Amino acid sequence: MQTPAAFDYERATSVDGVIASLQKTGAGARVIAGGHSLLPMMKLRLANPTHLIDINDLGELSFIREQDGEIRIGALTRHVDLLKSELLARTFPIFRDAETVIADPVVRNRGTIGGSLCQADAAEDLSAVCSAVKADVVIRGAAGERRVSMEEFHVGPYTTAVGDAELLTEVRIPVRPGAGSAHEKVERRAGDWAIAAASAAVWIEDGRIAEAGVALSAVGLTTIHLSRAEELLRGQAPSPELFAQAGEIASSDCSPTADGRGPVDYKRHLAGVLTTRALTRASERARSQGVGA
Amino acid sequence: MNVSISINGERITREIEPRLLLVHFIRDTPGLTGTHWGCDTSNCGACVVLLDGAPVKSCTMLAAMAEGHEIRTVESLEVDGVLDPVQKGFHELHALQCGFCTPGMMMTARGLLDENPDPTEQEIRTAISGGICRCTGYKNIVAAIRWAAEHPNGVKEEVHA
């Protein structure tokens, strides 16, 4: 029987209350939302918080809406809602691609985008998705809100820019013309972590890629931001050769380790193939359903 | 701490440690051992119950988190001798062998049919992908859920206490 170590439990009634409680309790406090990463870690005693703050009642953190030229997603928004959102399917279909292959439908009823991002597991899909679409996250603390890019947000393995007395409240994605996005994942069986996964977004203007985002899951210690591939793509016209070249960069710039999911050369190969496929599909989508064009 | 949880329409109040998992609360206090406790890692789906109508894995939720919510377990499916169509479907189509995954499979099926009364085979397979049947009897489970979709009005059965 797996049982977490003892802790105090508090149910939050406001975001300000969460921050005040985090400040008071210090580093022993953890916020719990869906709990599908934190509770398993607590059962294994890999995480031993002394104080849990349950934010599941904070309905104001659960939303997906378009506002001021951005898609805004509340941190408490659950996987099932990301999967079903027509707004996201229309603007950033990469979310639906990812959500159909994240865990299983029962887990998706509980897990949240904020929890997934804050867990910052390198094999987790939404971290790469948010990196590819150039999302920012909003982090709130006692002094107010700050907004950081996904690159700044990812500090290291399982480590983010969210401080001890701060709460991630929102994900914001700028809406720009000509967008297309896609996520490609290979897993051993339904609901498993990725062997490798690639997220890609392109913004095409006048037949050329004005901006691109590419990120990889499960092939390094953290989510891999493929900045060299993004540089290659900017200003170019989409083509199979270009996307194959980006795939080669993905193969060389990832740093997978051998494990039960496969050896290093296989994972490098997979990262390349999936990057090329994701870019190809993102570019097709940009042509057929570019956002706000 | 003191928690009060509605399980199958009955309010259960108990003093617990905050670390108590929902699956153990359900099995220990009202003694509803129909909800099975399997892998403990949210992989197997034997512990699935409905939380405000949506299937969740009760091994990966604290009992304290369920306060203020409605929990439905497998024991709520049969009402006054009338089997739920899902139960009847599992019976008709021999959708269980050892029976360990059955409560979770049936509650997942109930949640699916409440949301989508006429699911395709693929939709059923996706819905139960969070459950593991180690007897590998998936084919009959899928057929049973499809049977339940086609017989939504329950069937009067002799139920033994």
# chains A, B, ... in the order shown; residues from 1 in each chain; ligands from 1
$ select_by_dssp --residues "stretch 74-278 of chain A" --states "strand (DSSP E)" --output "PDB file with N, CA and C atoms, in the first residue's frame"
ATOM      1  N   GLY A  74      -6.711  29.385 -18.310  1.00  0.00           N
ATOM      2  CA  GLY A  74      -6.514  29.373 -16.864  1.00  0.00           C
ATOM      3  C   GLY A  74      -5.743  28.136 -16.431  1.00  0.00           C
ATOM      4  N   ASP A 136       3.353  32.465 -23.242  1.00  0.00           N
ATOM      5  CA  ASP A 136       3.916  33.005 -22.003  1.00  0.00           C
ATOM      6  C   ASP A 136       3.068  32.467 -20.864  1.00  0.00           C
ATOM      7  N   VAL A 137       3.652  32.406 -19.672  1.00  0.00           N
ATOM      8  CA  VAL A 137       2.828  32.057 -18.514  1.00  0.00           C
ATOM      9  C   VAL A 137       2.792  33.254 -17.565  1.00  0.00           C
ATOM     10  N   VAL A 138       1.665  33.357 -16.868  1.00  0.00           N
ATOM     11  CA  VAL A 138       1.497  34.427 -15.881  1.00  0.00           C
ATOM     12  C   VAL A 138       1.698  33.814 -14.503  1.00  0.00           C
ATOM     13  N   ILE A 139       2.616  34.403 -13.752  1.00  0.00           N
ATOM     14  CA  ILE A 139       2.931  33.905 -12.415  1.00  0.00           C
ATOM     15  C   ILE A 139       2.582  34.994 -11.421  1.00  0.00           C
ATOM     16  N   ARG A 140       1.785  34.625 -10.412  1.00  0.00           N
ATOM     17  CA  ARG A 140       1.382  35.636  -9.444  1.00  0.00           C
ATOM     18  C   ARG A 140       2.037  35.391  -8.086  1.00  0.00           C
ATOM     19  N   GLY A 141       2.505  36.480  -7.489  1.00  0.00           N
ATOM     20  CA  GLY A 141       3.069  36.425  -6.147  1.00  0.00           C
ATOM     21  C   GLY A 141       2.532  37.594  -5.345  1.00  0.00           C
ATOM     22  N   GLY A 144       2.555  40.945  -7.036  1.00  0.00           N
ATOM     23  CA  GLY A 144       1.784  41.113  -8.263  1.00  0.00           C
ATOM     24  C   GLY A 144       2.098  40.035  -9.274  1.00  0.00           C
ATOM     25  N   GLU A 145       1.778  40.344 -10.542  1.00  0.00           N
ATOM     26  CA  GLU A 145       1.946  39.346 -11.593  1.00  0.00           C
ATOM     27  C   GLU A 145       3.213  39.608 -12.390  1.00  0.00           C
ATOM     28  N   ARG A 146       3.815  38.514 -12.878  1.00  0.00           N
ATOM     29  CA  ARG A 146       4.863  38.681 -13.878  1.00  0.00           C
ATOM     30  C   ARG A 146       4.574  37.692 -14.998  1.00  0.00           C
ATOM     31  N   ARG A 147       5.105  38.029 -16.161  1.00  0.00           N
ATOM     32  CA  ARG A 147       4.828  37.222 -17.339  1.00  0.00           C
ATOM     33  C   ARG A 147       6.159  36.721 -17.870  1.00  0.00           C
ATOM     34  N   VAL A 148       6.310  35.408 -18.040  1.00  0.00           N
ATOM     35  CA  VAL A 148       7.588  34.883 -18.529  1.00  0.00           C
ATOM     36  C   VAL A 148       7.361  33.962 -19.723  1.00  0.00           C
ATOM     37  N   SER A 149       8.360  33.916 -20.591  1.00  0.00           N
ATOM     38  CA  SER A 149       8.289  33.037 -21.763  1.00  0.00           C
ATOM     39  C   SER A 149       8.525  31.598 -21.305  1.00  0.00           C
ATOM     40  N   HIS A 154      11.181  27.296 -18.068  1.00  0.00           N
ATOM     41  CA  HIS A 154      11.877  26.017 -17.865  1.00  0.00           C
ATOM     42  C   HIS A 154      13.277  26.253 -17.326  1.00  0.00           C
ATOM     43  N   VAL A 155      13.466  26.020 -16.041  1.00  0.00           N
ATOM     44  CA  VAL A 155      14.752  26.282 -15.392  1.00  0.00           C
ATOM     45  C   VAL A 155      15.625  25.030 -15.406  1.00  0.00           C
ATOM     46  N   GLY A 156      15.023  23.869 -15.251  1.00  0.00           N
ATOM     47  CA  GLY A 156      15.774  22.612 -15.253  1.00  0.00           C
ATOM     48  C   GLY A 156      14.804  21.463 -15.094  1.00  0.00           C
ATOM     49  N   THR A 159      11.905  21.642 -12.670  1.00  0.00           N
ATOM     50  CA  THR A 159      12.125  22.931 -12.012  1.00  0.00           C
ATOM     51  C   THR A 159      11.688  24.064 -12.932  1.00  0.00           C
ATOM     52  N   THR A 160      10.871  24.968 -12.376  1.00  0.00           N
ATOM     53  CA  THR A 160      10.377  26.083 -13.181  1.00  0.00           C
ATOM     54  C   THR A 160      10.695  27.405 -12.495  1.00  0.00           C
ATOM     55  N   LEU A 167       2.197  31.435  -7.650  1.00  0.00           N
ATOM     56  CA  LEU A 167       1.249  30.517  -8.279  1.00  0.00           C
ATOM     57  C   LEU A 167       1.181  30.819  -9.771  1.00  0.00           C
ATOM     58  N   LEU A 168       1.295  29.775 -10.587  1.00  0.00           N
ATOM     59  CA  LEU A 168       1.057  29.953 -12.013  1.00  0.00           C
ATOM     60  C   LEU A 168      -0.448  30.080 -12.204  1.00  0.00           C
ATOM     61  N   THR A 169      -0.887  31.152 -12.841  1.00  0.00           N
ATOM     62  CA  THR A 169      -2.328  31.379 -12.948  1.00  0.00           C
ATOM     63  C   THR A 169      -2.862  31.246 -14.376  1.00  0.00           C
ATOM     64  N   GLU A 170      -2.007  31.466 -15.364  1.00  0.00           N
ATOM     65  CA  GLU A 170      -2.550  31.562 -16.721  1.00  0.00           C
ATOM     66  C   GLU A 170      -1.498  31.270 -17.775  1.00  0.00           C
ATOM     67  N   VAL A 171      -1.952  30.765 -18.901  1.00  0.00           N
ATOM     68  CA  VAL A 171      -1.102  30.598 -20.084  1.00  0.00           C
ATOM     69  C   VAL A 171      -1.672  31.512 -21.159  1.00  0.00           C
ATOM     70  N   ARG A 172      -0.794  32.293 -21.785  1.00  0.00           N
ATOM     71  CA  ARG A 172      -1.266  33.225 -22.818  1.00  0.00           C
ATOM     72  C   ARG A 172      -0.520  32.984 -24.128  1.00  0.00           C
ATOM     73  N   ILE A 173      -1.296  32.857 -25.195  1.00  0.00           N
ATOM     74  CA  ILE A 173      -0.691  32.589 -26.499  1.00  0.00           C
ATOM     75  C   ILE A 173      -1.107  33.693 -27.461  1.00  0.00           C
ATOM     76  N   PRO A 174      -0.130  34.435 -27.990  1.00  0.00           N
ATOM     77  CA  PRO A 174      -0.464  35.493 -28.943  1.00  0.00           C
ATOM     78  C   PRO A 174      -1.093  34.907 -30.207  1.00  0.00           C
ATOM     79  N   ALA A 179      -1.239  31.179 -38.747  1.00  0.00           N
ATOM     80  CA  ALA A 179      -0.724  30.158 -37.836  1.00  0.00           C
ATOM     81  C   ALA A 179      -1.151  28.754 -38.239  1.00  0.00           C
ATOM     82  N   GLY A 180      -0.251  27.810 -38.022  1.00  0.00           N
ATOM     83  CA  GLY A 180      -0.574  26.385 -38.138  1.00  0.00           C
ATOM     84  C   GLY A 180       0.253  25.659 -37.103  1.00  0.00           C
ATOM     85  N   SER A 181      -0.295  24.610 -36.489  1.00  0.00           N
ATOM     86  CA  SER A 181       0.453  23.928 -35.428  1.00  0.00           C
ATOM     87  C   SER A 181       0.074  22.459 -35.373  1.00  0.00           C
ATOM     88  N   ALA A 182       0.998  21.624 -34.899  1.00  0.00           N
ATOM     89  CA  ALA A 182       0.729  20.180 -34.805  1.00  0.00           C
ATOM     90  C   ALA A 182       1.662  19.525 -33.795  1.00  0.00           C
ATOM     91  N   HIS A 183       1.187  18.438 -33.204  1.00  0.00           N
ATOM     92  CA  HIS A 183       1.974  17.666 -32.234  1.00  0.00           C
ATOM     93  C   HIS A 183       2.023  16.217 -32.699  1.00  0.00           C
ATOM     94  N   GLU A 184       3.207  15.625 -32.676  1.00  0.00           N
ATOM     95  CA  GLU A 184       3.378  14.229 -33.105  1.00  0.00           C
ATOM     96  C   GLU A 184       4.064  13.461 -31.990  1.00  0.00           C
ATOM     97  N   LYS A 185       3.497  12.319 -31.625  1.00  0.00           N
ATOM     98  CA  LYS A 185       4.034  11.554 -30.496  1.00  0.00           C
ATOM     99  C   LYS A 185       4.054  10.077 -30.843  1.00  0.00           C
ATOM    100  N   VAL A 186       5.102   9.394 -30.401  1.00  0.00           N
ATOM    101  CA  VAL A 186       5.113   7.935 -30.493  1.00  0.00           C
ATOM    102  C   VAL A 186       5.231   7.388 -29.089  1.00  0.00           C
ATOM    103  N   GLU A 187       4.323   6.477 -28.740  1.00  0.00           N
ATOM    104  CA  GLU A 187       4.298   5.884 -27.406  1.00  0.00           C
ATOM    105  C   GLU A 187       4.192   4.373 -27.557  1.00  0.00           C
ATOM    106  N   ALA A 194       5.664   9.515 -23.761  1.00  0.00           N
ATOM    107  CA  ALA A 194       6.230   9.451 -25.114  1.00  0.00           C
ATOM    108  C   ALA A 194       7.570   8.728 -25.115  1.00  0.00           C
ATOM    109  N   ILE A 195       7.851   8.006 -26.205  1.00  0.00           N
ATOM    110  CA  ILE A 195       9.239   7.601 -26.499  1.00  0.00           C
ATOM    111  C   ILE A 195       9.946   8.865 -26.995  1.00  0.00           C
ATOM    112  N   ALA A 196       9.245   9.578 -27.849  1.00  0.00           N
ATOM    113  CA  ALA A 196       9.646  10.925 -28.273  1.00  0.00           C
ATOM    114  C   ALA A 196       8.395  11.625 -28.789  1.00  0.00           C
ATOM    115  N   ALA A 197       8.374  12.945 -28.674  1.00  0.00           N
ATOM    116  CA  ALA A 197       7.268  13.718 -29.230  1.00  0.00           C
ATOM    117  C   ALA A 197       7.813  15.050 -29.717  1.00  0.00           C
ATOM    118  N   ALA A 198       7.194  15.565 -30.784  1.00  0.00           N
ATOM    119  CA  ALA A 198       7.612  16.850 -31.351  1.00  0.00           C
ATOM    120  C   ALA A 198       6.406  17.763 -31.494  1.00  0.00           C
ATOM    121  N   SER A 199       6.580  19.016 -31.068  1.00  0.00           N
ATOM    122  CA  SER A 199       5.549  20.045 -31.235  1.00  0.00           C
ATOM    123  C   SER A 199       6.085  21.081 -32.206  1.00  0.00           C
ATOM    124  N   ALA A 200       5.237  21.493 -33.153  1.00  0.00           N
ATOM    125  CA  ALA A 200       5.690  22.514 -34.105  1.00  0.00           C
ATOM    126  C   ALA A 200       4.580  23.514 -34.387  1.00  0.00           C
ATOM    127  N   ALA A 201       4.986  24.775 -34.533  1.00  0.00           N
ATOM    128  CA  ALA A 201       4.063  25.816 -34.965  1.00  0.00           C
ATOM    129  C   ALA A 201       4.776  26.681 -35.991  1.00  0.00           C
ATOM    130  N   VAL A 202       4.030  27.098 -37.009  1.00  0.00           N
ATOM    131  CA  VAL A 202       4.589  28.042 -37.992  1.00  0.00           C
ATOM    132  C   VAL A 202       3.566  29.147 -38.227  1.00  0.00           C
ATOM    133  N   TRP A 203       4.075  30.316 -38.514  1.00  0.00           N
ATOM    134  CA  TRP A 203       3.213  31.439 -38.896  1.00  0.00           C
ATOM    135  C   TRP A 203       3.660  31.850 -40.290  1.00  0.00           C
ATOM    136  N   ILE A 204       2.803  31.645 -41.278  1.00  0.00           N
ATOM    137  CA  ILE A 204       3.193  31.858 -42.672  1.00  0.00           C
ATOM    138  C   ILE A 204       2.573  33.158 -43.189  1.00  0.00           C
ATOM    139  N   GLU A 205       3.451  34.029 -43.699  1.00  0.00           N
ATOM    140  CA  GLU A 205       2.983  35.291 -44.289  1.00  0.00           C
ATOM    141  C   GLU A 205       3.585  35.422 -45.676  1.00  0.00           C
ATOM    142  N   ARG A 208       5.952  32.736 -46.880  1.00  0.00           N
ATOM    143  CA  ARG A 208       7.194  32.442 -46.150  1.00  0.00           C
ATOM    144  C   ARG A 208       6.907  32.287 -44.663  1.00  0.00           C
ATOM    145  N   ILE A 209       7.771  31.565 -44.008  1.00  0.00           N
ATOM    146  CA  ILE A 209       7.594  31.335 -42.578  1.00  0.00           C
ATOM    147  C   ILE A 209       8.104  32.568 -41.821  1.00  0.00           C
ATOM    148  N   ALA A 210       7.165  33.345 -41.277  1.00  0.00           N
ATOM    149  CA  ALA A 210       7.547  34.564 -40.558  1.00  0.00           C
ATOM    150  C   ALA A 210       8.094  34.207 -39.172  1.00  0.00           C
ATOM    151  N   GLU A 211       7.517  33.192 -38.574  1.00  0.00           N
ATOM    152  CA  GLU A 211       7.973  32.769 -37.244  1.00  0.00           C
ATOM    153  C   GLU A 211       7.710  31.280 -37.119  1.00  0.00           C
ATOM    154  N   ALA A 212       8.551  30.599 -36.323  1.00  0.00           N
ATOM    155  CA  ALA A 212       8.385  29.157 -36.127  1.00  0.00           C
ATOM    156  C   ALA A 212       8.724  28.797 -34.694  1.00  0.00           C
ATOM    157  N   GLY A 213       8.052  27.781 -34.187  1.00  0.00           N
ATOM    158  CA  GLY A 213       8.360  27.255 -32.860  1.00  0.00           C
ATOM    159  C   GLY A 213       8.446  25.735 -32.929  1.00  0.00           C
ATOM    160  N   VAL A 214       9.525  25.172 -32.419  1.00  0.00           N
ATOM    161  CA  VAL A 214       9.683  23.716 -32.425  1.00  0.00           C
ATOM    162  C   VAL A 214      10.233  23.272 -31.074  1.00  0.00           C
ATOM    163  N   ALA A 215       9.620  22.266 -30.472  1.00  0.00           N
ATOM    164  CA  ALA A 215      10.102  21.759 -29.185  1.00  0.00           C
ATOM    165  C   ALA A 215       9.873  20.254 -29.101  1.00  0.00           C
ATOM    166  N   LEU A 216      10.703  19.596 -28.298  1.00  0.00           N
ATOM    167  CA  LEU A 216      10.655  18.133 -28.187  1.00  0.00           C
ATOM    168  C   LEU A 216      10.384  17.696 -26.752  1.00  0.00           C
ATOM    169  N   SER A 217       9.645  16.585 -26.622  1.00  0.00           N
ATOM    170  CA  SER A 217       9.412  15.963 -25.314  1.00  0.00           C
ATOM    171  C   SER A 217      10.157  14.636 -25.236  1.00  0.00           C
ATOM    172  N   ILE A 224      12.971  20.239 -24.811  1.00  0.00           N
ATOM    173  CA  ILE A 224      14.031  20.798 -25.657  1.00  0.00           C
ATOM    174  C   ILE A 224      13.451  21.882 -26.569  1.00  0.00           C
ATOM    175  N   HIS A 225      13.953  23.086 -26.441  1.00  0.00           N
ATOM    176  CA  HIS A 225      13.566  24.182 -27.339  1.00  0.00           C
ATOM    177  C   HIS A 225      14.544  24.148 -28.507  1.00  0.00           C
TER     178      HIS A 225
END
$ residues_around --residues "stretch 46-62 of chain B" --least-positions-apart "5" --cutoff "8 Å" --atoms "only C-alpha atoms" --output "CSV table (one decimal) with C-alpha atoms, in the first residue's frame"
chain,number,residue,atom,x,y,z
A,35,GLY,CA,-2.9,15.7,-8.3
A,36,HIS,CA,-2.0,13.1,-11.0
A,39,LEU,CA,0.1,12.4,-5.5
A,40,PRO,CA,2.1,9.5,-7.1
A,106,VAL,CA,-10.1,9.2,-16.9
A,107,VAL,CA,-6.9,10.9,-16.0
A,109,ASN,CA,-10.8,14.5,-16.3
A,110,ARG,CA,-8.5,15.5,-13.4
B,18,PRO,CA,-5.5,14.4,5.3
B,19,ARG,CA,-3.4,11.8,3.5
B,20,LEU,CA,-6.2,9.2,3.3
B,21,LEU,CA,-6.9,8.4,-0.3
B,22,LEU,CA,-10.5,8.4,-1.6
B,23,VAL,CA,-10.4,4.7,-2.6
B,24,HIS,CA,-9.7,3.8,1.0
B,35,THR,CA,-14.6,-0.2,-5.7
B,36,HIS,CA,-11.4,-2.1,-6.2
B,37,TRP,CA,-7.9,-0.9,-5.2
B,38,GLY,CA,-5.5,-2.1,-7.8
B,40,ASP,CA,-2.2,2.5,-6.7
B,41,THR,CA,-0.5,4.4,-9.5
B,69,HIS,CA,-18.8,16.5,-4.3
B,70,GLU,CA,-21.1,13.6,-5.3
B,71,ILE,CA,-19.3,10.2,-5.6
B,72,ARG,CA,-21.0,7.3,-7.3
B,73,THR,CA,-19.7,3.8,-6.9
B,74,VAL,CA,-20.5,0.5,-8.6
B,100,PHE,CA,-11.1,-7.4,-10.8
B,101,CYS,CA,-11.3,-4.7,-13.4
B,102,THR,CA,-15.1,-4.9,-13.6
B,103,PRO,CA,-16.2,-2.2,-11.2
B,104,GLY,CA,-13.9,0.4,-12.8
B,105,MET,CA,-14.8,-0.7,-16.3
B,107,MET,CA,-18.3,3.0,-13.9
B,108,THR,CA,-16.2,4.2,-16.8
B,111,GLY,CA,-19.8,7.8,-17.3
B,131,GLY,CA,-8.5,0.6,-17.6
B,132,ILE,CA,-6.5,-2.6,-17.7
$ closest_residue --among "B:Ile141, B:Cys44, B:Ala149, B:Cys135" --to "chain A" --atoms "only C-alpha atoms"
B:Cys44
$ closest_residue --among "B:Glu123, B:Glu10, B:Asp118, B:Glu78" --to "chain A" --atoms "only C-alpha atoms"
B:Glu123
$ closest_residue --among "B:Leu96, B:Ile128, B:Ile7, B:Ile12" --to "chain A" --atoms "only C-alpha atoms"
B:Ile128
$ closest_residue --among "B:Asp84, B:Glu67, B:Glu75, B:Asp28" --to "B:Ala148" --atoms "only C-alpha atoms"
B:Asp84
$ closest_residue --among "B:Arg27, B:Arg125, B:Arg14, B:Arg146" --to "chain A" --atoms "only C-alpha atoms"
B:Arg125
$ interface_residues --of "chain A" --to "chain B" --cutoff "9 Å" --atoms "only C-alpha atoms" --output "PDB file with C-alpha atoms, in the first residue's frame"
ATOM      1  CA  MET A   1       0.000   0.000   0.000  1.00  0.00           C
ATOM      2  CA  GLN A   2       1.406   3.370  -1.018  1.00  0.00           C
ATOM      3  CA  THR A   3       0.653   6.199   1.387  1.00  0.00           C
ATOM      4  CA  PRO A   4       1.992   9.741   1.313  1.00  0.00           C
ATOM      5  CA  ALA A   5       3.825  11.085   4.360  1.00  0.00           C
ATOM      6  CA  ALA A   6       1.625  13.107   6.704  1.00  0.00           C
ATOM      7  CA  PHE A   7       0.766  16.711   5.790  1.00  0.00           C
ATOM      8  CA  ASP A   8      -1.724  19.438   6.630  1.00  0.00           C
ATOM      9  CA  TYR A   9      -4.506  20.048   4.135  1.00  0.00           C
ATOM     10  CA  ARG A  11      -8.721  24.147   0.722  1.00  0.00           C
ATOM     11  CA  GLY A  34      -5.488  17.474 -10.407  1.00  0.00           C
ATOM     12  CA  GLY A  35      -2.900  15.697  -8.297  1.00  0.00           C
ATOM     13  CA  HIS A  36      -2.025  13.139 -10.955  1.00  0.00           C
ATOM     14  CA  LEU A  39       0.120  12.379  -5.453  1.00  0.00           C
ATOM     15  CA  PRO A  40       2.068   9.539  -7.133  1.00  0.00           C
ATOM     16  CA  LYS A  43       3.199   8.085  -2.424  1.00  0.00           C
ATOM     17  CA  ASP A  54      -6.016  22.398  -2.738  1.00  0.00           C
ATOM     18  CA  ASN A  56      -9.675  22.831  -7.131  1.00  0.00           C
ATOM     19  CA  ALA A 103      -2.613   9.757 -20.417  1.00  0.00           C
ATOM     20  CA  ASP A 104      -6.175   8.384 -20.716  1.00  0.00           C
ATOM     21  CA  PRO A 105      -9.659   9.961 -20.617  1.00  0.00           C
ATOM     22  CA  VAL A 106     -10.144   9.246 -16.908  1.00  0.00           C
ATOM     23  CA  VAL A 107      -6.856  10.910 -15.957  1.00  0.00           C
ATOM     24  CA  ARG A 108      -7.696  13.767 -18.330  1.00  0.00           C
ATOM     25  CA  ASN A 109     -10.804  14.464 -16.252  1.00  0.00           C
ATOM     26  CA  ARG A 110      -8.526  15.549 -13.379  1.00  0.00           C
ATOM     27  CA  ALA A 190      -2.208   4.004 -25.193  1.00  0.00           C
ATOM     28  CA  GLY A 191      -1.727   6.486 -22.387  1.00  0.00           C
TER      29      GLY A 191
END
$ closest_residue --among "A:Glu231, A:Val175, A:Thr25, A:Ile94" --to "A:Gln67" --atoms "only C-alpha atoms"
A:Val175
$ atom_distance --atom1 "atom CA of A:Ala229" --atom2 "atom CA of A:Ile249"
6.1 Å
$ residues_around --residues "stretch 77-90 of chain A" --least-positions-apart "2" --cutoff "7 Å" --atoms "only C-alpha atoms" --output "list in words"
Leu61, Ser62, Phe63, Ile73, Gly74, Ala75, Phe92, Pro93, Phe95, Arg96, Glu99, Thr100, Arg108, Asn109, Arg110, Gly111, Thr112 and Ile113 of chain A
$ residues_around --residues "A:Ala165" --least-positions-apart "6" --cutoff "9 Å" --atoms "only C-alpha atoms" --output "PyMOL selection string"
chain A and resi 18-27+29+140-142
$ atom_distance --atom1 "atom CA of A:Asp57" --atom2 "atom CA of A:Asp16"
13.5 Å
